[in-house]
file run-v6.cif (mmCIF, N, CA and C atoms)
data_my_file
#
loop_
_atom_site.label_atom_id
_atom_site.label_comp_id
_atom_site.auth_asym_id
_atom_site.auth_seq_id
_atom_site.Cartn_x
_atom_site.Cartn_y
_atom_site.Cartn_z
N MET A 1 63.00 86.49 70.41
CA MET A 1 62.24 87.71 70.57
C MET A 1 63.18 88.90 70.35
N ARG A 2 62.77 89.82 69.52
CA ARG A 2 63.56 91.01 69.22
C ARG A 2 63.04 92.18 70.07
N LEU A 3 63.95 92.91 70.68
CA LEU A 3 63.58 94.05 71.52
C LEU A 3 64.08 95.35 70.90
N LEU A 4 63.19 96.30 70.76
CA LEU A 4 63.55 97.63 70.31
C LEU A 4 63.50 98.56 71.52
N VAL A 5 64.40 99.53 71.57
CA VAL A 5 64.51 100.41 72.73
C VAL A 5 64.39 101.86 72.27
N THR A 6 63.56 102.64 72.96
CA THR A 6 63.43 104.06 72.65
C THR A 6 64.49 104.84 73.42
N PRO A 7 64.81 106.05 72.97
CA PRO A 7 65.79 106.88 73.70
C PRO A 7 65.35 107.18 75.13
N THR A 8 64.07 107.33 75.37
CA THR A 8 63.56 107.59 76.72
C THR A 8 63.89 106.42 77.64
N PHE A 9 63.69 105.21 77.16
CA PHE A 9 63.98 104.02 77.94
C PHE A 9 65.48 103.90 78.21
N SER A 10 66.29 104.14 77.20
CA SER A 10 67.74 103.98 77.37
C SER A 10 68.31 105.02 78.34
N ARG A 11 67.74 106.24 78.35
CA ARG A 11 68.20 107.25 79.31
C ARG A 11 67.88 106.83 80.74
N ALA A 12 66.71 106.22 80.94
CA ALA A 12 66.33 105.75 82.27
C ALA A 12 67.23 104.60 82.73
N VAL A 13 67.61 103.73 81.81
CA VAL A 13 68.45 102.59 82.16
C VAL A 13 69.85 103.04 82.53
N LYS A 14 70.35 104.08 81.89
CA LYS A 14 71.69 104.59 82.20
C LYS A 14 71.82 105.04 83.65
N LYS A 15 70.72 105.47 84.25
CA LYS A 15 70.75 105.98 85.62
C LYS A 15 70.72 104.88 86.68
N LEU A 16 70.50 103.64 86.26
CA LEU A 16 70.39 102.53 87.21
C LEU A 16 71.77 102.01 87.62
N ARG A 17 71.82 101.44 88.83
CA ARG A 17 73.03 100.79 89.32
C ARG A 17 73.08 99.37 88.77
N PRO A 18 74.25 98.73 88.82
CA PRO A 18 74.37 97.37 88.25
C PRO A 18 73.39 96.36 88.84
N GLY A 19 73.14 96.40 90.13
CA GLY A 19 72.17 95.47 90.74
C GLY A 19 70.76 95.70 90.23
N GLN A 20 70.42 96.97 90.03
CA GLN A 20 69.10 97.30 89.52
C GLN A 20 68.96 96.87 88.06
N LYS A 21 70.04 96.98 87.30
CA LYS A 21 70.00 96.55 85.90
C LYS A 21 69.74 95.05 85.80
N ALA A 22 70.28 94.28 86.73
CA ALA A 22 70.03 92.83 86.74
C ALA A 22 68.55 92.55 87.00
N GLU A 23 67.94 93.30 87.93
CA GLU A 23 66.51 93.12 88.20
C GLU A 23 65.67 93.54 86.99
N LEU A 24 66.10 94.59 86.30
CA LEU A 24 65.41 95.02 85.09
C LEU A 24 65.51 93.96 84.00
N ASP A 25 66.67 93.34 83.87
CA ASP A 25 66.85 92.28 82.87
C ASP A 25 65.88 91.12 83.12
N GLU A 26 65.65 90.79 84.39
CA GLU A 26 64.71 89.72 84.72
C GLU A 26 63.29 90.11 84.29
N ALA A 27 62.93 91.36 84.51
CA ALA A 27 61.59 91.83 84.12
C ALA A 27 61.44 91.82 82.60
N VAL A 28 62.47 92.22 81.89
CA VAL A 28 62.42 92.23 80.42
C VAL A 28 62.32 90.79 79.89
N ARG A 29 63.04 89.87 80.53
CA ARG A 29 62.94 88.46 80.11
C ARG A 29 61.53 87.93 80.34
N ALA A 30 60.91 88.31 81.45
CA ALA A 30 59.55 87.86 81.74
C ALA A 30 58.59 88.39 80.68
N ILE A 31 58.77 89.63 80.26
CA ILE A 31 57.92 90.21 79.21
C ILE A 31 58.17 89.51 77.88
N ALA A 32 59.42 89.22 77.59
CA ALA A 32 59.75 88.55 76.33
C ALA A 32 59.13 87.14 76.29
N ASP A 33 59.08 86.47 77.43
CA ASP A 33 58.49 85.13 77.49
C ASP A 33 56.97 85.18 77.37
N ALA A 34 56.34 86.19 77.98
CA ALA A 34 54.88 86.31 77.96
C ALA A 34 54.51 87.77 77.70
N PRO A 35 54.41 88.19 76.44
CA PRO A 35 54.16 89.60 76.12
C PRO A 35 52.83 90.15 76.65
N THR A 36 51.89 89.30 76.99
CA THR A 36 50.61 89.79 77.51
C THR A 36 50.63 89.94 79.03
N LEU A 37 51.80 89.90 79.63
CA LEU A 37 51.95 89.97 81.08
C LEU A 37 51.53 91.32 81.65
N GLY A 38 51.78 92.40 80.93
CA GLY A 38 51.47 93.74 81.42
C GLY A 38 49.99 94.08 81.31
N ASP A 39 49.60 95.14 82.00
CA ASP A 39 48.22 95.64 81.94
C ASP A 39 48.04 96.49 80.71
N ALA A 40 47.05 96.18 79.89
CA ALA A 40 46.77 96.96 78.68
C ALA A 40 46.09 98.25 79.08
N LYS A 41 46.54 99.36 78.52
CA LYS A 41 45.97 100.67 78.82
C LYS A 41 44.94 101.05 77.77
N VAL A 42 44.06 101.97 78.12
CA VAL A 42 43.00 102.41 77.23
C VAL A 42 43.07 103.93 77.10
N GLY A 43 42.27 104.47 76.21
CA GLY A 43 42.23 105.92 76.03
C GLY A 43 43.42 106.43 75.26
N ASP A 44 44.08 107.46 75.79
CA ASP A 44 45.24 108.05 75.12
C ASP A 44 46.39 107.06 74.95
N LEU A 45 46.47 106.11 75.84
CA LEU A 45 47.58 105.14 75.81
C LEU A 45 47.14 103.78 75.27
N ALA A 46 46.16 103.77 74.40
CA ALA A 46 45.70 102.51 73.82
C ALA A 46 46.84 101.86 73.04
N GLY A 47 47.01 100.57 73.23
CA GLY A 47 48.08 99.84 72.57
C GLY A 47 49.33 99.70 73.42
N VAL A 48 49.38 100.42 74.52
CA VAL A 48 50.53 100.37 75.43
C VAL A 48 50.20 99.43 76.57
N GLN A 49 51.19 98.63 76.96
CA GLN A 49 51.04 97.76 78.11
C GLN A 49 52.06 98.17 79.16
N VAL A 50 51.70 98.08 80.44
CA VAL A 50 52.58 98.47 81.53
C VAL A 50 52.76 97.29 82.46
N PHE A 51 54.01 96.93 82.70
CA PHE A 51 54.37 95.84 83.60
C PHE A 51 54.92 96.45 84.88
N LYS A 52 54.35 96.06 86.02
CA LYS A 52 54.79 96.58 87.31
C LYS A 52 55.65 95.53 88.00
N PHE A 53 56.80 95.98 88.55
CA PHE A 53 57.70 95.07 89.24
C PHE A 53 58.49 95.85 90.30
N ARG A 54 59.17 95.13 91.17
CA ARG A 54 59.95 95.75 92.24
C ARG A 54 61.38 95.93 91.77
N LEU A 55 61.89 97.14 91.98
CA LEU A 55 63.27 97.47 91.65
C LEU A 55 63.87 98.09 92.91
N SER A 56 64.69 97.32 93.61
CA SER A 56 65.26 97.75 94.90
C SER A 56 64.17 98.13 95.89
N ASN A 57 63.19 97.27 96.04
CA ASN A 57 62.06 97.46 96.97
C ASN A 57 61.22 98.68 96.68
N GLN A 58 61.25 99.17 95.46
CA GLN A 58 60.40 100.28 95.04
C GLN A 58 59.62 99.83 93.81
N LEU A 59 58.33 100.18 93.76
CA LEU A 59 57.51 99.81 92.62
C LEU A 59 57.99 100.57 91.38
N CYS A 60 58.23 99.85 90.32
CA CYS A 60 58.71 100.44 89.08
C CYS A 60 57.79 99.99 87.94
N LEU A 61 57.59 100.88 86.98
CA LEU A 61 56.71 100.58 85.85
C LEU A 61 57.53 100.56 84.57
N LEU A 62 57.21 99.60 83.72
CA LEU A 62 57.88 99.42 82.44
C LEU A 62 56.81 99.42 81.35
N ALA A 63 56.84 100.43 80.48
CA ALA A 63 55.86 100.54 79.40
C ALA A 63 56.45 99.95 78.12
N TYR A 64 55.60 99.21 77.40
CA TYR A 64 56.05 98.59 76.15
C TYR A 64 54.86 98.37 75.23
N THR A 65 55.17 98.16 73.96
CA THR A 65 54.16 97.78 72.98
C THR A 65 54.67 96.55 72.24
N GLN A 66 53.74 95.74 71.79
CA GLN A 66 54.11 94.59 70.99
C GLN A 66 53.87 94.94 69.53
N VAL A 67 54.96 95.13 68.79
CA VAL A 67 54.88 95.55 67.39
C VAL A 67 54.31 94.43 66.53
N ASP A 68 54.88 93.25 66.66
CA ASP A 68 54.36 92.05 66.01
C ASP A 68 54.68 90.86 66.92
N GLU A 69 54.49 89.66 66.43
CA GLU A 69 54.67 88.49 67.30
C GLU A 69 56.11 88.30 67.76
N GLU A 70 57.06 88.81 67.02
CA GLU A 70 58.47 88.62 67.36
C GLU A 70 59.17 89.88 67.83
N THR A 71 58.47 91.00 67.95
CA THR A 71 59.11 92.27 68.30
C THR A 71 58.35 92.98 69.40
N ILE A 72 59.12 93.42 70.40
CA ILE A 72 58.58 94.23 71.49
C ILE A 72 59.37 95.53 71.55
N LYS A 73 58.66 96.65 71.69
CA LYS A 73 59.31 97.95 71.78
C LYS A 73 59.18 98.47 73.21
N LEU A 74 60.32 98.65 73.89
CA LEU A 74 60.34 99.14 75.26
C LEU A 74 60.28 100.67 75.22
N LEU A 75 59.24 101.25 75.82
CA LEU A 75 58.99 102.68 75.71
C LEU A 75 59.55 103.51 76.85
N ALA A 76 59.26 103.12 78.08
CA ALA A 76 59.65 103.96 79.22
C ALA A 76 59.82 103.10 80.47
N LEU A 77 60.58 103.64 81.41
CA LEU A 77 60.84 102.99 82.68
C LEU A 77 60.86 104.06 83.75
N GLY A 78 60.21 103.81 84.88
CA GLY A 78 60.25 104.78 85.96
C GLY A 78 59.30 104.45 87.08
N SER A 79 59.29 105.32 88.08
CA SER A 79 58.37 105.16 89.20
C SER A 79 57.00 105.70 88.78
N HIS A 80 56.02 105.49 89.62
CA HIS A 80 54.64 105.85 89.26
C HIS A 80 54.44 107.36 89.15
N GLU A 81 55.22 108.13 89.88
CA GLU A 81 55.06 109.58 89.89
C GLU A 81 55.30 110.16 88.49
N ASN A 82 54.28 110.76 87.92
CA ASN A 82 54.33 111.41 86.60
C ASN A 82 54.66 110.45 85.45
N PHE A 83 54.59 109.15 85.68
CA PHE A 83 54.95 108.19 84.65
C PHE A 83 54.00 108.27 83.46
N TYR A 84 52.70 108.24 83.72
CA TYR A 84 51.74 108.23 82.63
C TYR A 84 51.69 109.58 81.92
N ARG A 85 51.88 110.66 82.64
CA ARG A 85 51.91 111.98 82.02
C ARG A 85 53.08 112.09 81.04
N ASP A 86 54.25 111.65 81.48
CA ASP A 86 55.43 111.69 80.61
C ASP A 86 55.29 110.71 79.43
N LEU A 87 54.64 109.60 79.66
CA LEU A 87 54.44 108.62 78.59
C LEU A 87 53.51 109.17 77.52
N LYS A 88 52.50 109.91 77.91
CA LYS A 88 51.59 110.53 76.93
C LYS A 88 52.31 111.56 76.09
N ARG A 89 53.25 112.28 76.68
CA ARG A 89 53.98 113.33 75.96
C ARG A 89 54.94 112.77 74.93
N SER A 90 55.46 111.56 75.16
CA SER A 90 56.44 111.00 74.22
C SER A 90 55.80 110.20 73.13
#

call {"tool": "encode", "arguments": {"input": "run-v6.cif", "output": "structure tokens"}}
result
Amino acid sequence: MRLLVTPTFSRAVKKLRPGQKAELDEAVRAIADAPTLGDAKVGDLAGVQVFKFRLSNQLCLLAYTQVDEETIKLLALGSHENFYRDLKRS
């Protein structure tokens, strides 16, 4: 599985601590194994899927799209506060 990363996602990952990055890696592996794991969004965010997971006991959202059968594009990472608003803007 090939993963593409947007600048928004990479900026969010830079702010994480090493333990949190390990938890994020597990979530990304789960998505790579089963790309339909996230909730499909509708409306303005049609085509985007959001996977919810715990990152240091805090709910974290990971937005991604499946470009084709072998490629996933990671769009954004963050807490629920203003997540969808910022995702619409990018």

call {"tool": "atom_distance", "arguments": {"input": "run-v6.cif", "atom1": "CA of Ala76 in chain A", "atom2": "CA of Leu61 in chain A"}}
result
8.0 Å

call {"tool": "select_by_dssp", "arguments": {"input": "run-v6.cif", "residues": "chain A", "states": "strand (DSSP E)", "output": "number ranges by chain"}}
result
A: 2-5, 39-40, 49-55, 58-68, 71-78

call {"tool": "closest_residue", "arguments": {"input": "run-v6.cif", "among": "A:Gln49, A:Cys60, A:Leu24, A:Ala12", "to": "Thr36 in chain A", "atoms": "all atoms listed in the file"}}
result
A:Gln49

call {"tool": "residues_near_point", "arguments": {"input": "run-v6.cif", "point": "(60.4, 97.4, 69.8)", "cutoff": "6.5 Å", "atoms": "all atoms listed in the file", "output": "list in words"}}
result
Arg2, Leu3, Leu4, Val5, Thr65, Val67, Thr71, Ile72, Lys73 and Leu74 of chain A

call {"tool": "closest_residue", "arguments": {"input": "run-v6.cif", "among": "A:Met1, A:Leu75, A:Leu16, A:Ile31", "to": "Val48 in chain A", "atoms": "only C-alpha atoms"}}
result
A:Leu75

call {"tool": "build_atoms", "arguments": {"input": "run-v6.cif", "residues": "range 27-38 of chain A", "atoms": "all heavy atoms", "output": "PDB file, in the frame of the given file"}}
result
ATOM      1  N   ALA A  27      62.930  91.360  84.510  1.00  0.00           N
ATOM      2  CA  ALA A  27      61.590  91.830  84.120  1.00  0.00           C
ATOM      3  C   ALA A  27      61.440  91.820  82.600  1.00  0.00           C
ATOM      4  O   ALA A  27      60.389  91.421  82.079  1.00  0.00           O
ATOM      5  CB  ALA A  27      61.350  93.233  84.664  1.00  0.00           C
ATOM      6  N   VAL A  28      62.470  92.220  81.890  1.00  0.00           N
ATOM      7  CA  VAL A  28      62.420  92.230  80.420  1.00  0.00           C
ATOM      8  C   VAL A  28      62.320  90.790  79.890  1.00  0.00           C
ATOM      9  O   VAL A  28      61.581  90.525  78.943  1.00  0.00           O
ATOM     10  CB  VAL A  28      63.638  92.972  79.828  1.00  0.00           C
ATOM     11  CG1 VAL A  28      63.709  92.795  78.323  1.00  0.00           C
ATOM     12  CG2 VAL A  28      63.565  94.451  80.188  1.00  0.00           C
ATOM     13  N   ARG A  29      63.040  89.870  80.530  1.00  0.00           N
ATOM     14  CA  ARG A  29      62.940  88.460  80.110  1.00  0.00           C
ATOM     15  C   ARG A  29      61.530  87.930  80.340  1.00  0.00           C
ATOM     16  O   ARG A  29      61.006  87.168  79.526  1.00  0.00           O
ATOM     17  CB  ARG A  29      63.956  87.605  80.882  1.00  0.00           C
ATOM     18  CG  ARG A  29      65.319  87.620  80.270  1.00  0.00           C
ATOM     19  CD  ARG A  29      66.223  86.560  80.889  1.00  0.00           C
ATOM     20  NE  ARG A  29      67.570  87.098  80.938  1.00  0.00           N
ATOM     21  CZ  ARG A  29      68.173  87.575  82.022  1.00  0.00           C
ATOM     22  NH1 ARG A  29      67.576  87.539  83.189  1.00  0.00           N
ATOM     23  NH2 ARG A  29      69.389  88.063  81.957  1.00  0.00           N
ATOM     24  N   ALA A  30      60.910  88.310  81.450  1.00  0.00           N
ATOM     25  CA  ALA A  30      59.550  87.860  81.740  1.00  0.00           C
ATOM     26  C   ALA A  30      58.590  88.390  80.680  1.00  0.00           C
ATOM     27  O   ALA A  30      57.693  87.660  80.225  1.00  0.00           O
ATOM     28  CB  ALA A  30      59.118  88.332  83.123  1.00  0.00           C
ATOM     29  N   ILE A  31      58.770  89.630  80.260  1.00  0.00           N
ATOM     30  CA  ILE A  31      57.920  90.210  79.210  1.00  0.00           C
ATOM     31  C   ILE A  31      58.170  89.510  77.880  1.00  0.00           C
ATOM     32  O   ILE A  31      57.240  89.239  77.123  1.00  0.00           O
ATOM     33  CB  ILE A  31      58.159  91.727  79.099  1.00  0.00           C
ATOM     34  CG1 ILE A  31      57.622  92.416  80.345  1.00  0.00           C
ATOM     35  CG2 ILE A  31      57.509  92.290  77.853  1.00  0.00           C
ATOM     36  CD1 ILE A  31      58.005  93.874  80.441  1.00  0.00           C
ATOM     37  N   ALA A  32      59.420  89.220  77.590  1.00  0.00           N
ATOM     38  CA  ALA A  32      59.750  88.550  76.330  1.00  0.00           C
ATOM     39  C   ALA A  32      59.130  87.140  76.290  1.00  0.00           C
ATOM     40  O   ALA A  32      58.697  86.692  75.230  1.00  0.00           O
ATOM     41  CB  ALA A  32      61.264  88.466  76.152  1.00  0.00           C
ATOM     42  N   ASP A  33      59.080  86.470  77.430  1.00  0.00           N
ATOM     43  CA  ASP A  33      58.490  85.130  77.490  1.00  0.00           C
ATOM     44  C   ASP A  33      56.970  85.180  77.370  1.00  0.00           C
ATOM     45  O   ASP A  33      56.367  84.295  76.756  1.00  0.00           O
ATOM     46  CB  ASP A  33      58.877  84.425  78.790  1.00  0.00           C
ATOM     47  CG  ASP A  33      60.354  84.076  78.828  1.00  0.00           C
ATOM     48  OD1 ASP A  33      60.989  84.038  77.749  1.00  0.00           O
ATOM     49  OD2 ASP A  33      60.885  83.850  79.932  1.00  0.00           O
ATOM     50  N   ALA A  34      56.340  86.190  77.980  1.00  0.00           N
ATOM     51  CA  ALA A  34      54.880  86.310  77.960  1.00  0.00           C
ATOM     52  C   ALA A  34      54.510  87.770  77.700  1.00  0.00           C
ATOM     53  O   ALA A  34      54.334  88.538  78.649  1.00  0.00           O
ATOM     54  CB  ALA A  34      54.294  85.838  79.272  1.00  0.00           C
ATOM     55  N   PRO A  35      54.410  88.190  76.440  1.00  0.00           N
ATOM     56  CA  PRO A  35      54.160  89.600  76.120  1.00  0.00           C
ATOM     57  C   PRO A  35      52.830  90.150  76.650  1.00  0.00           C
ATOM     58  O   PRO A  35      52.679  91.356  76.777  1.00  0.00           O
ATOM     59  CB  PRO A  35      54.162  89.632  74.595  1.00  0.00           C
ATOM     60  CG  PRO A  35      54.912  88.431  74.183  1.00  0.00           C
ATOM     61  CD  PRO A  35      54.664  87.412  75.244  1.00  0.00           C
ATOM     62  N   THR A  36      51.890  89.300  76.990  1.00  0.00           N
ATOM     63  CA  THR A  36      50.610  89.790  77.510  1.00  0.00           C
ATOM     64  C   THR A  36      50.630  89.940  79.030  1.00  0.00           C
ATOM     65  O   THR A  36      49.584  90.119  79.651  1.00  0.00           O
ATOM     66  CB  THR A  36      49.475  88.828  77.118  1.00  0.00           C
ATOM     67  OG1 THR A  36      49.758  87.544  77.650  1.00  0.00           O
ATOM     68  CG2 THR A  36      49.337  88.764  75.607  1.00  0.00           C
ATOM     69  N   LEU A  37      51.800  89.900  79.630  1.00  0.00           N
ATOM     70  CA  LEU A  37      51.950  89.970  81.080  1.00  0.00           C
ATOM     71  C   LEU A  37      51.530  91.320  81.650  1.00  0.00           C
ATOM     72  O   LEU A  37      50.971  91.388  82.738  1.00  0.00           O
ATOM     73  CB  LEU A  37      53.405  89.671  81.446  1.00  0.00           C
ATOM     74  CG  LEU A  37      53.719  89.264  82.867  1.00  0.00           C
ATOM     75  CD1 LEU A  37      52.939  88.028  83.246  1.00  0.00           C
ATOM     76  CD2 LEU A  37      55.199  89.009  83.014  1.00  0.00           C
ATOM     77  N   GLY A  38      51.780  92.400  80.930  1.00  0.00           N
ATOM     78  CA  GLY A  38      51.470  93.740  81.420  1.00  0.00           C
ATOM     79  C   GLY A  38      49.990  94.080  81.310  1.00  0.00           C
ATOM     80  O   GLY A  38      49.228  93.409  80.622  1.00  0.00           O
TER      81      GLY A  38
END
